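Participant: Pasting input-v1.cif here (mmCIF, N, CA and C atoms and all ligand atoms):
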```cif
data_target
#
loop_
_atom_site.label_atom_id
_atom_site.label_comp_id
_atom_site.auth_asym_id
_atom_site.auth_seq_id
_atom_site.Cartn_x
_atom_site.Cartn_y
_atom_site.Cartn_z
N MET I 190 -141.70 112.65 10.64
CA MET I 190 -140.78 113.58 11.29
C MET I 190 -141.07 115.01 10.83
N CYS I 191 -141.03 115.98 11.75
CA CYS I 191 -141.36 117.36 11.38
C CYS I 191 -140.20 118.01 10.63
N ILE I 192 -140.51 119.11 9.97
CA ILE I 192 -139.53 119.77 9.08
C ILE I 192 -138.29 120.25 9.85
N PHE I 193 -138.48 120.73 11.10
CA PHE I 193 -137.32 121.20 11.86
C PHE I 193 -136.50 120.02 12.40
N CYS I 194 -137.15 118.90 12.71
CA CYS I 194 -136.38 117.69 13.07
C CYS I 194 -135.53 117.24 11.88
N LYS I 195 -136.07 117.41 10.66
CA LYS I 195 -135.29 117.05 9.46
C LYS I 195 -134.09 117.99 9.29
N ILE I 196 -134.26 119.26 9.65
CA ILE I 196 -133.13 120.21 9.60
C ILE I 196 -132.08 119.78 10.62
N ILE I 197 -132.52 119.41 11.84
CA ILE I 197 -131.59 118.95 12.88
C ILE I 197 -130.81 117.72 12.40
N ASN I 198 -131.50 116.83 11.68
CA ASN I 198 -130.87 115.59 11.19
C ASN I 198 -130.11 115.77 9.88
N ASN I 199 -130.01 117.04 9.41
CA ASN I 199 -129.32 117.33 8.14
C ASN I 199 -130.00 116.69 6.93
N GLU I 200 -131.28 116.38 7.06
CA GLU I 200 -132.02 115.86 5.90
C GLU I 200 -132.50 117.01 5.02
N ILE I 201 -132.64 118.20 5.64
CA ILE I 201 -132.97 119.43 4.90
C ILE I 201 -131.85 120.42 5.23
N PRO I 202 -131.26 121.06 4.19
CA PRO I 202 -130.16 121.99 4.47
C PRO I 202 -130.65 123.25 5.16
N SER I 203 -129.79 123.87 5.95
CA SER I 203 -130.12 125.15 6.57
C SER I 203 -128.84 125.95 6.73
N ASN I 204 -129.01 127.24 6.91
CA ASN I 204 -127.88 128.15 7.06
C ASN I 204 -127.69 128.40 8.55
N ILE I 205 -126.80 127.64 9.15
CA ILE I 205 -126.67 127.62 10.62
C ILE I 205 -125.84 128.80 11.13
N ILE I 206 -126.32 129.41 12.19
CA ILE I 206 -125.65 130.52 12.86
C ILE I 206 -124.86 130.03 14.06
N LEU I 207 -125.52 129.20 14.86
CA LEU I 207 -124.92 128.72 16.11
C LEU I 207 -125.56 127.38 16.47
N GLU I 208 -124.75 126.53 17.06
CA GLU I 208 -125.25 125.20 17.42
C GLU I 208 -124.51 124.72 18.66
N ASN I 209 -125.22 124.03 19.54
CA ASN I 209 -124.55 123.29 20.60
C ASN I 209 -125.23 121.94 20.74
N GLU I 210 -124.96 121.24 21.83
CA GLU I 210 -125.48 119.88 21.98
C GLU I 210 -127.01 119.84 21.93
N ASN I 211 -127.64 120.87 22.46
CA ASN I 211 -129.09 120.82 22.65
C ASN I 211 -129.91 121.77 21.78
N PHE I 212 -129.25 122.76 21.15
CA PHE I 212 -129.99 123.79 20.42
C PHE I 212 -129.34 124.11 19.08
N LEU I 213 -130.17 124.67 18.19
CA LEU I 213 -129.71 125.03 16.85
C LEU I 213 -130.34 126.37 16.48
N ALA I 214 -129.55 127.24 15.83
CA ALA I 214 -130.08 128.51 15.32
C ALA I 214 -129.69 128.64 13.86
N PHE I 215 -130.66 128.99 13.02
CA PHE I 215 -130.42 129.07 11.57
C PHE I 215 -131.29 130.17 10.98
N HIS I 216 -130.91 130.62 9.79
CA HIS I 216 -131.65 131.69 9.11
C HIS I 216 -133.04 131.21 8.70
N ASP I 217 -134.05 132.05 8.93
CA ASP I 217 -135.40 131.76 8.41
C ASP I 217 -135.35 131.82 6.89
N ILE I 218 -136.04 130.88 6.24
CA ILE I 218 -136.04 130.79 4.78
C ILE I 218 -136.78 131.97 4.15
N ASN I 219 -137.68 132.59 4.91
CA ASN I 219 -138.49 133.70 4.39
C ASN I 219 -138.40 134.88 5.35
N PRO I 220 -137.22 135.58 5.36
CA PRO I 220 -136.98 136.58 6.41
C PRO I 220 -137.94 137.76 6.38
N LYS I 221 -138.31 138.20 7.58
CA LYS I 221 -139.22 139.34 7.72
C LYS I 221 -138.51 140.56 8.29
N ALA I 222 -137.20 140.47 8.44
CA ALA I 222 -136.35 141.59 8.90
C ALA I 222 -134.94 141.28 8.41
N PRO I 223 -134.05 142.30 8.39
CA PRO I 223 -132.68 142.05 7.92
C PRO I 223 -131.99 140.90 8.66
N VAL I 224 -132.29 140.77 9.94
CA VAL I 224 -131.86 139.58 10.70
C VAL I 224 -133.12 138.83 11.12
N HIS I 225 -133.25 137.59 10.68
CA HIS I 225 -134.40 136.76 11.07
C HIS I 225 -133.89 135.33 11.25
N ILE I 226 -133.70 134.99 12.51
CA ILE I 226 -133.12 133.69 12.88
C ILE I 226 -134.17 132.87 13.65
N LEU I 227 -134.12 131.57 13.45
CA LEU I 227 -134.97 130.67 14.22
C LEU I 227 -134.07 129.88 15.17
N ALA I 228 -134.44 129.88 16.45
CA ALA I 228 -133.71 129.11 17.47
C ALA I 228 -134.62 127.99 17.94
N ILE I 229 -134.09 126.76 17.91
CA ILE I 229 -134.92 125.59 18.24
C ILE I 229 -134.18 124.63 19.18
N PRO I 230 -134.95 123.90 20.00
CA PRO I 230 -134.32 122.80 20.75
C PRO I 230 -134.16 121.60 19.81
N LYS I 231 -133.11 120.82 20.00
CA LYS I 231 -132.91 119.63 19.14
C LYS I 231 -133.88 118.52 19.49
N ILE I 232 -134.38 118.54 20.72
CA ILE I 232 -135.43 117.60 21.09
C ILE I 232 -136.75 118.16 20.56
N HIS I 233 -137.61 117.29 20.02
CA HIS I 233 -138.89 117.78 19.50
C HIS I 233 -139.83 118.16 20.64
N VAL I 234 -140.24 119.43 20.63
CA VAL I 234 -141.26 119.95 21.55
C VAL I 234 -142.26 120.66 20.65
N ASP I 235 -143.55 120.37 20.82
CA ASP I 235 -144.55 120.91 19.88
C ASP I 235 -144.59 122.44 19.87
N SER I 236 -144.59 123.03 21.07
CA SER I 236 -144.72 124.49 21.15
C SER I 236 -144.34 124.95 22.55
N PHE I 237 -144.41 126.25 22.77
CA PHE I 237 -144.14 126.83 24.09
C PHE I 237 -145.05 126.24 25.16
N ASN I 238 -146.25 125.80 24.76
CA ASN I 238 -147.19 125.20 25.71
C ASN I 238 -146.61 123.97 26.40
N GLU I 239 -145.74 123.26 25.71
CA GLU I 239 -145.25 121.98 26.22
C GLU I 239 -143.83 122.06 26.79
N VAL I 240 -143.14 123.19 26.61
CA VAL I 240 -141.72 123.23 26.97
C VAL I 240 -141.53 123.28 28.49
N THR I 241 -140.47 122.63 28.97
CA THR I 241 -140.19 122.63 30.40
C THR I 241 -139.35 123.85 30.78
N PRO I 242 -139.44 124.27 32.04
CA PRO I 242 -138.60 125.37 32.51
C PRO I 242 -137.11 125.08 32.34
N GLN I 243 -136.71 123.82 32.47
CA GLN I 243 -135.28 123.47 32.33
C GLN I 243 -134.80 123.74 30.90
N ILE I 244 -135.62 123.33 29.92
CA ILE I 244 -135.23 123.61 28.52
C ILE I 244 -135.21 125.11 28.29
N MET I 245 -136.21 125.82 28.83
CA MET I 245 -136.28 127.28 28.62
C MET I 245 -135.08 127.98 29.26
N LYS I 246 -134.63 127.47 30.38
CA LYS I 246 -133.46 128.08 31.05
C LYS I 246 -132.26 128.05 30.10
N ASP I 247 -131.99 126.88 29.53
CA ASP I 247 -130.85 126.74 28.62
C ASP I 247 -131.10 127.44 27.30
N MET I 248 -132.37 127.42 26.87
CA MET I 248 -132.75 128.09 25.60
C MET I 248 -132.51 129.60 25.71
N THR I 249 -132.80 130.15 26.87
CA THR I 249 -132.59 131.59 27.10
C THR I 249 -131.12 131.94 26.92
N LEU I 250 -130.24 131.16 27.54
CA LEU I 250 -128.80 131.41 27.41
C LEU I 250 -128.36 131.27 25.96
N PHE I 251 -128.91 130.25 25.30
CA PHE I 251 -128.55 130.02 23.90
C PHE I 251 -128.98 131.21 23.03
N MET I 252 -130.20 131.69 23.23
CA MET I 252 -130.68 132.82 22.40
C MET I 252 -129.89 134.09 22.69
N GLN I 253 -129.49 134.28 23.92
CA GLN I 253 -128.62 135.43 24.24
C GLN I 253 -127.29 135.32 23.48
N ASP I 254 -126.77 134.10 23.38
CA ASP I 254 -125.52 133.88 22.63
C ASP I 254 -125.73 134.13 21.14
N VAL I 255 -126.89 133.71 20.63
CA VAL I 255 -127.21 133.93 19.21
C VAL I 255 -127.23 135.44 18.92
N ALA I 256 -127.89 136.20 19.79
CA ALA I 256 -127.96 137.66 19.60
C ALA I 256 -126.57 138.28 19.59
N LYS I 257 -125.72 137.79 20.48
CA LYS I 257 -124.33 138.30 20.51
C LYS I 257 -123.59 137.92 19.23
N GLU I 258 -123.75 136.68 18.82
CA GLU I 258 -123.09 136.18 17.60
C GLU I 258 -123.47 137.02 16.39
N LEU I 259 -124.73 137.45 16.35
CA LEU I 259 -125.24 138.24 15.22
C LEU I 259 -124.94 139.72 15.37
N GLY I 260 -124.46 140.12 16.56
CA GLY I 260 -124.13 141.52 16.80
C GLY I 260 -125.35 142.41 16.95
N ILE I 261 -126.48 141.83 17.40
CA ILE I 261 -127.70 142.63 17.59
C ILE I 261 -128.05 142.80 19.07
N ASP I 262 -127.19 142.24 19.93
CA ASP I 262 -127.50 142.30 21.37
C ASP I 262 -127.53 143.73 21.89
N LYS I 263 -126.70 144.61 21.33
CA LYS I 263 -126.67 146.00 21.80
C LYS I 263 -127.70 146.87 21.06
N SER I 264 -127.86 146.64 19.76
CA SER I 264 -128.78 147.47 18.96
C SER I 264 -130.24 147.12 19.26
N GLY I 265 -130.48 145.89 19.69
CA GLY I 265 -131.84 145.49 20.05
C GLY I 265 -132.44 144.53 19.04
N TYR I 266 -133.42 143.81 19.49
CA TYR I 266 -134.06 142.80 18.64
C TYR I 266 -135.36 142.36 19.30
N ARG I 267 -136.10 141.50 18.61
CA ARG I 267 -137.37 141.00 19.15
C ARG I 267 -137.35 139.48 19.13
N VAL I 268 -137.90 138.88 20.19
CA VAL I 268 -138.04 137.42 20.27
C VAL I 268 -139.53 137.11 20.23
N ILE I 269 -139.91 136.23 19.31
CA ILE I 269 -141.33 135.87 19.15
C ILE I 269 -141.42 134.35 19.09
N THR I 270 -142.42 133.80 19.78
CA THR I 270 -142.78 132.40 19.51
C THR I 270 -144.28 132.34 19.29
N ASN I 271 -144.67 131.80 18.16
CA ASN I 271 -146.08 131.65 17.83
C ASN I 271 -146.57 130.32 18.38
N ILE I 272 -147.77 130.32 18.96
CA ILE I 272 -148.31 129.12 19.60
C ILE I 272 -149.69 128.82 19.06
N GLY I 273 -149.81 127.65 18.43
CA GLY I 273 -151.13 127.15 18.02
C GLY I 273 -151.82 127.98 16.95
N GLU I 274 -153.10 127.71 16.82
CA GLU I 274 -153.93 128.27 15.73
C GLU I 274 -153.96 129.80 15.77
N ASP I 275 -154.40 130.36 16.89
CA ASP I 275 -154.51 131.82 16.95
C ASP I 275 -153.15 132.49 16.93
N GLY I 276 -152.13 131.80 17.42
CA GLY I 276 -150.79 132.37 17.41
C GLY I 276 -150.15 132.36 16.03
N GLY I 277 -150.76 131.61 15.09
CA GLY I 277 -150.23 131.56 13.73
C GLY I 277 -149.03 130.64 13.58
N GLN I 278 -148.97 129.61 14.42
CA GLN I 278 -147.83 128.68 14.36
C GLN I 278 -147.98 127.75 13.16
N GLU I 279 -147.02 127.82 12.24
CA GLU I 279 -147.06 126.97 11.04
C GLU I 279 -146.27 125.69 11.24
N VAL I 280 -145.12 125.80 11.87
CA VAL I 280 -144.28 124.62 12.11
C VAL I 280 -144.45 124.19 13.56
N LYS I 281 -144.88 122.93 13.75
CA LYS I 281 -145.24 122.45 15.09
C LYS I 281 -144.03 121.86 15.81
N HIS I 282 -142.95 122.62 15.80
CA HIS I 282 -141.73 122.30 16.58
C HIS I 282 -141.33 123.63 17.18
N LEU I 283 -141.27 123.68 18.52
CA LEU I 283 -140.98 124.95 19.21
C LEU I 283 -139.84 125.70 18.55
N HIS I 284 -140.09 126.96 18.24
CA HIS I 284 -139.03 127.81 17.69
C HIS I 284 -139.25 129.24 18.12
N PHE I 285 -138.15 129.92 18.32
CA PHE I 285 -138.18 131.34 18.66
C PHE I 285 -137.60 132.12 17.48
N HIS I 286 -138.38 133.11 17.03
CA HIS I 286 -137.89 134.00 15.98
C HIS I 286 -137.06 135.09 16.67
N LEU I 287 -135.84 135.32 16.21
CA LEU I 287 -135.06 136.48 16.64
C LEU I 287 -134.99 137.44 15.47
N LEU I 288 -135.59 138.61 15.65
CA LEU I 288 -135.71 139.58 14.56
C LEU I 288 -134.99 140.86 14.93
N GLY I 289 -134.21 141.39 13.99
CA GLY I 289 -133.49 142.63 14.25
C GLY I 289 -132.77 143.11 13.02
N GLY I 290 -131.75 143.91 13.26
CA GLY I 290 -130.97 144.46 12.16
C GLY I 290 -131.54 145.75 11.60
N ALA I 291 -132.68 146.18 12.15
CA ALA I 291 -133.32 147.44 11.76
C ALA I 291 -134.35 147.75 12.83
N LYS I 292 -134.80 149.00 12.87
CA LYS I 292 -135.86 149.39 13.80
C LYS I 292 -137.15 148.67 13.38
N LEU I 293 -137.69 147.87 14.27
CA LEU I 293 -138.86 147.06 13.92
C LEU I 293 -140.16 147.83 14.15
N ALA I 294 -141.14 147.54 13.31
CA ALA I 294 -142.47 148.13 13.49
C ALA I 294 -143.24 147.35 14.56
N TRP I 295 -144.22 147.99 15.14
CA TRP I 295 -145.10 147.34 16.12
C TRP I 295 -146.51 147.77 15.73
N SER I 296 -147.15 146.93 14.93
CA SER I 296 -148.38 147.42 14.32
C SER I 296 -149.47 146.36 14.30
N HIS I 297 -150.28 146.41 13.28
CA HIS I 297 -151.48 145.60 13.13
C HIS I 297 -151.25 144.11 13.41
N LEU I 298 -151.92 143.57 14.44
CA LEU I 298 -151.76 142.15 14.75
C LEU I 298 -153.03 141.35 14.46
N SER I 299 -154.18 142.04 14.48
CA SER I 299 -155.45 141.31 14.34
C SER I 299 -156.52 142.26 13.86
N ASP I 300 -157.50 141.71 13.13
CA ASP I 300 -158.65 142.53 12.71
C ASP I 300 -159.68 142.63 13.83
N ALA I 301 -159.53 141.84 14.89
CA ALA I 301 -160.48 141.90 16.00
C ALA I 301 -160.32 143.21 16.77
N ASP I 302 -161.38 143.62 17.46
CA ASP I 302 -161.31 144.83 18.29
C ASP I 302 -160.34 144.56 19.45
N PRO I 303 -159.22 145.30 19.53
CA PRO I 303 -158.24 145.03 20.59
C PRO I 303 -158.82 145.20 21.99
N LYS I 304 -159.90 145.93 22.13
CA LYS I 304 -160.46 146.19 23.46
C LYS I 304 -161.63 145.27 23.80
N SER I 305 -161.92 144.27 22.92
CA SER I 305 -163.11 143.45 23.12
C SER I 305 -163.04 142.56 24.35
N MET I 306 -161.84 142.30 24.89
CA MET I 306 -161.70 141.40 26.05
C MET I 306 -161.48 142.17 27.34
N ILE I 307 -161.41 143.47 27.27
CA ILE I 307 -161.15 144.26 28.49
C ILE I 307 -162.42 144.39 29.31
P1 LIG N 401 -144.20 129.99 12.51
O1 LIG N 401 -145.20 130.62 11.59
O2 LIG N 401 -144.49 128.53 12.72
O3 LIG N 401 -143.99 130.75 13.79
O4 LIG N 401 -142.80 130.12 11.77
C1 LIG N 401 -142.27 129.14 10.94
C2 LIG N 401 -141.10 129.77 10.23
O5 LIG N 401 -140.33 128.75 9.65
C3 LIG N 401 -141.52 130.72 9.10
O6 LIG N 401 -140.98 132.02 9.37
C4 LIG N 401 -140.91 130.08 7.85
O7 LIG N 401 -140.40 131.04 6.94
C5 LIG N 401 -139.83 129.19 8.43
N1 LIG N 401 -139.56 128.00 7.65
C6 LIG N 401 -140.48 127.10 7.20
N2 LIG N 401 -139.86 126.11 6.55
C7 LIG N 401 -138.53 126.36 6.61
C8 LIG N 401 -137.37 125.66 6.11
O8 LIG N 401 -137.44 124.60 5.50
N3 LIG N 401 -136.16 126.23 6.37
C9 LIG N 401 -136.04 127.41 7.07
N4 LIG N 401 -134.80 127.88 7.24
N5 LIG N 401 -137.10 128.08 7.54
C10 LIG N 401 -138.34 127.56 7.31
ZN ZN N 402 -139.59 118.35 15.31
#
```
Would you put the structure from the file into structure tokens?
Facilitator:
Amino acid sequence: MCIFCKIINNEIPSNIILENENFLAFHDINPKAPVHILAIPKIHVDSFNEVTPQIMKDMTLFMQDVAKELGIDKSGYRVITNIGEDGGQEVKHLHFHLLGGAKLAWSHLSDADPKSMI
């Protein structure tokens, strides 16, 4: 069982922000911004590559609720999902990072030439 499925099953503790029948949002253990939340479906989905539009529809509403719950919906925030090797995905259970609580930087993402594919 993957680490996020263990969090869903309460086998690993987490600091929960919001939960409903199908989704869970909790604090990232290693925050990269003053607000750093992970939103996940309770059903195991490997990554964004595999998720269905139906799950994404409900996930979108859930993440909007999470942003409101955290009070960052007006100030702004960033949603990130890492996919696979190049995306830097460490946990192979679909998750969306919600980052905010401060003005976020938009900087160095790769050592590769950004224009090499143009
Ligand atoms: P990824 O790199 O896969 O996009 O992000 C995985 C995230 O999960 C990382 O930001 C990491 O800090 C977080 N994480 C990994 N293990 C745990 C854990 O056991 N509990 C919590 N709350 N976050 C975790
Ligand atoms: Zn899982």
Participant: Using all atoms listed in the file, find the one residue out of I:Met306, I:Ile201, I:Val240, I:Leu250 that sits nearest to ligand LIG 401 (chain N).
Facilitator: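 The answer is I:Ile201, which sits nearest to ligand LIG 401 (chain N).
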Participant: Using all atoms listed in the file, tabulate the residues of chain I lying at most 6 Å from any atom of ligand LIG 401 (chain N), each with its closest atom pair and that distance in Å to one decimal, by chain and increasing residue number, as CSV.
Facilitator:
```
residue,atom,partner,partner_atom,distance
I:Ser203,CA,N:LIG401,N4,5.5
I:Asn204,N,N:LIG401,N4,5.8
I:Phe215,C,N:LIG401,N4,5.6
I:His216,C,N:LIG401,N4,4.0
I:Asp217,C,N:LIG401,N4,4.0
I:Ile218,N,N:LIG401,N5,3.3
I:Asn219,N,N:LIG401,O7,3.7
I:Pro220,N,N:LIG401,O7,5.8
I:Thr270,C,N:LIG401,O3,5.7
I:Asn271,N,N:LIG401,O3,4.5
I:Gly277,C,N:LIG401,O1,4.3
I:Gln278,C,N:LIG401,O2,3.6
I:Glu279,N,N:LIG401,O2,2.7
I:Val280,N,N:LIG401,O2,2.9
I:Lys281,N,N:LIG401,O2,5.7
```
Participant: Within 7 Å of (-140.7, 137.6, 14.1) in the file's own coordinates, which protein, DNA or RNA residues have an atom, counting only N, CA and C atoms? List them as a list in words.
Facilitator: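 Checked against the point, the hits come out as Lys221, Arg267, Val268, Ile269, His286, Leu287 and Leu288 of chain I.
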Participant: Out of I:Leu227, I:Ile244, I:Ile197, I:Ile232, which residue has the shortest atom-to-atom distance to I:Phe285 when counting only C-alpha atoms?
Facilitator: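 Nearest to I:Phe285: I:Leu227.
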Participant: Using all atoms listed in the file, which protein or nucleic acid residues are at most 5 Å from ligand ZN 402 (chain N), as a PyMOL selection string?
Facilitator: chain I and resi 191+193-194+233+282
Participant: Mind listing the strand (DSSP E or B) residues of stretch 200-305 of chain I, per DSSP on the backbone, as a list in words?
Facilitator: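 Selecting the strand (DSSP E or B) positions of stretch 200-305 of chain I gives Ile205, Ile206, Leu207, Glu208, Phe212, Leu213, Ala214, Phe215, His216, Val224, His225, Ile226, Leu227, Ala228, Ile229, Pro230, Tyr266, Arg267, Val268, Ile269, Phe285, His286, Leu287, Leu288 and Gly289 of chain I.
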Participant: Just checking: using only N, CA and C atoms, which residue out of I:Val234, I:Ile229, I:Val224, I:Ile272 ends up closest to I:Ala291?
Facilitator: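 Among the listed residues, the smallest separation from I:Ala291 belongs to I:Val224.
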Participant: Which one is closest to I:Ile226: I:Gly265, I:Pro202, I:Gly260, I:Gly289? Count all atoms listed in the file.
Facilitator: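 The shortest atom-to-atom distance to I:Ile226 comes from I:Gly289.
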Participant: Hey, what's within 12 Å of I:Asp247 if we count only C-alpha atoms and toss same-chain stuff fewer than 4 positions away? As an MDAnalysis selection string, please?
Facilitator: chainID I and resid 209:213 228:230 240:243 251:254
Participant: With distances taken over all atoms listed in the file, which residue among I:Leu293, I:Ala222, I:Ile206, I:Met190 lies nearest I:Leu259?
Facilitator: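 The shortest atom-to-atom distance to I:Leu259 comes from I:Ile206.
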Participant: Which value, in Å to one decimal, gives the distance between atom CA of I:Ser264 and atom N of I:Gly290?
Facilitator: 7.3 Å
Participant: Can you tell me how far atom CA of I:Glu274 sits from atom CA of I:Ser305, in Å to one decimal?
Facilitator: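 Distance reported for this atom pair: 19.2 Å.
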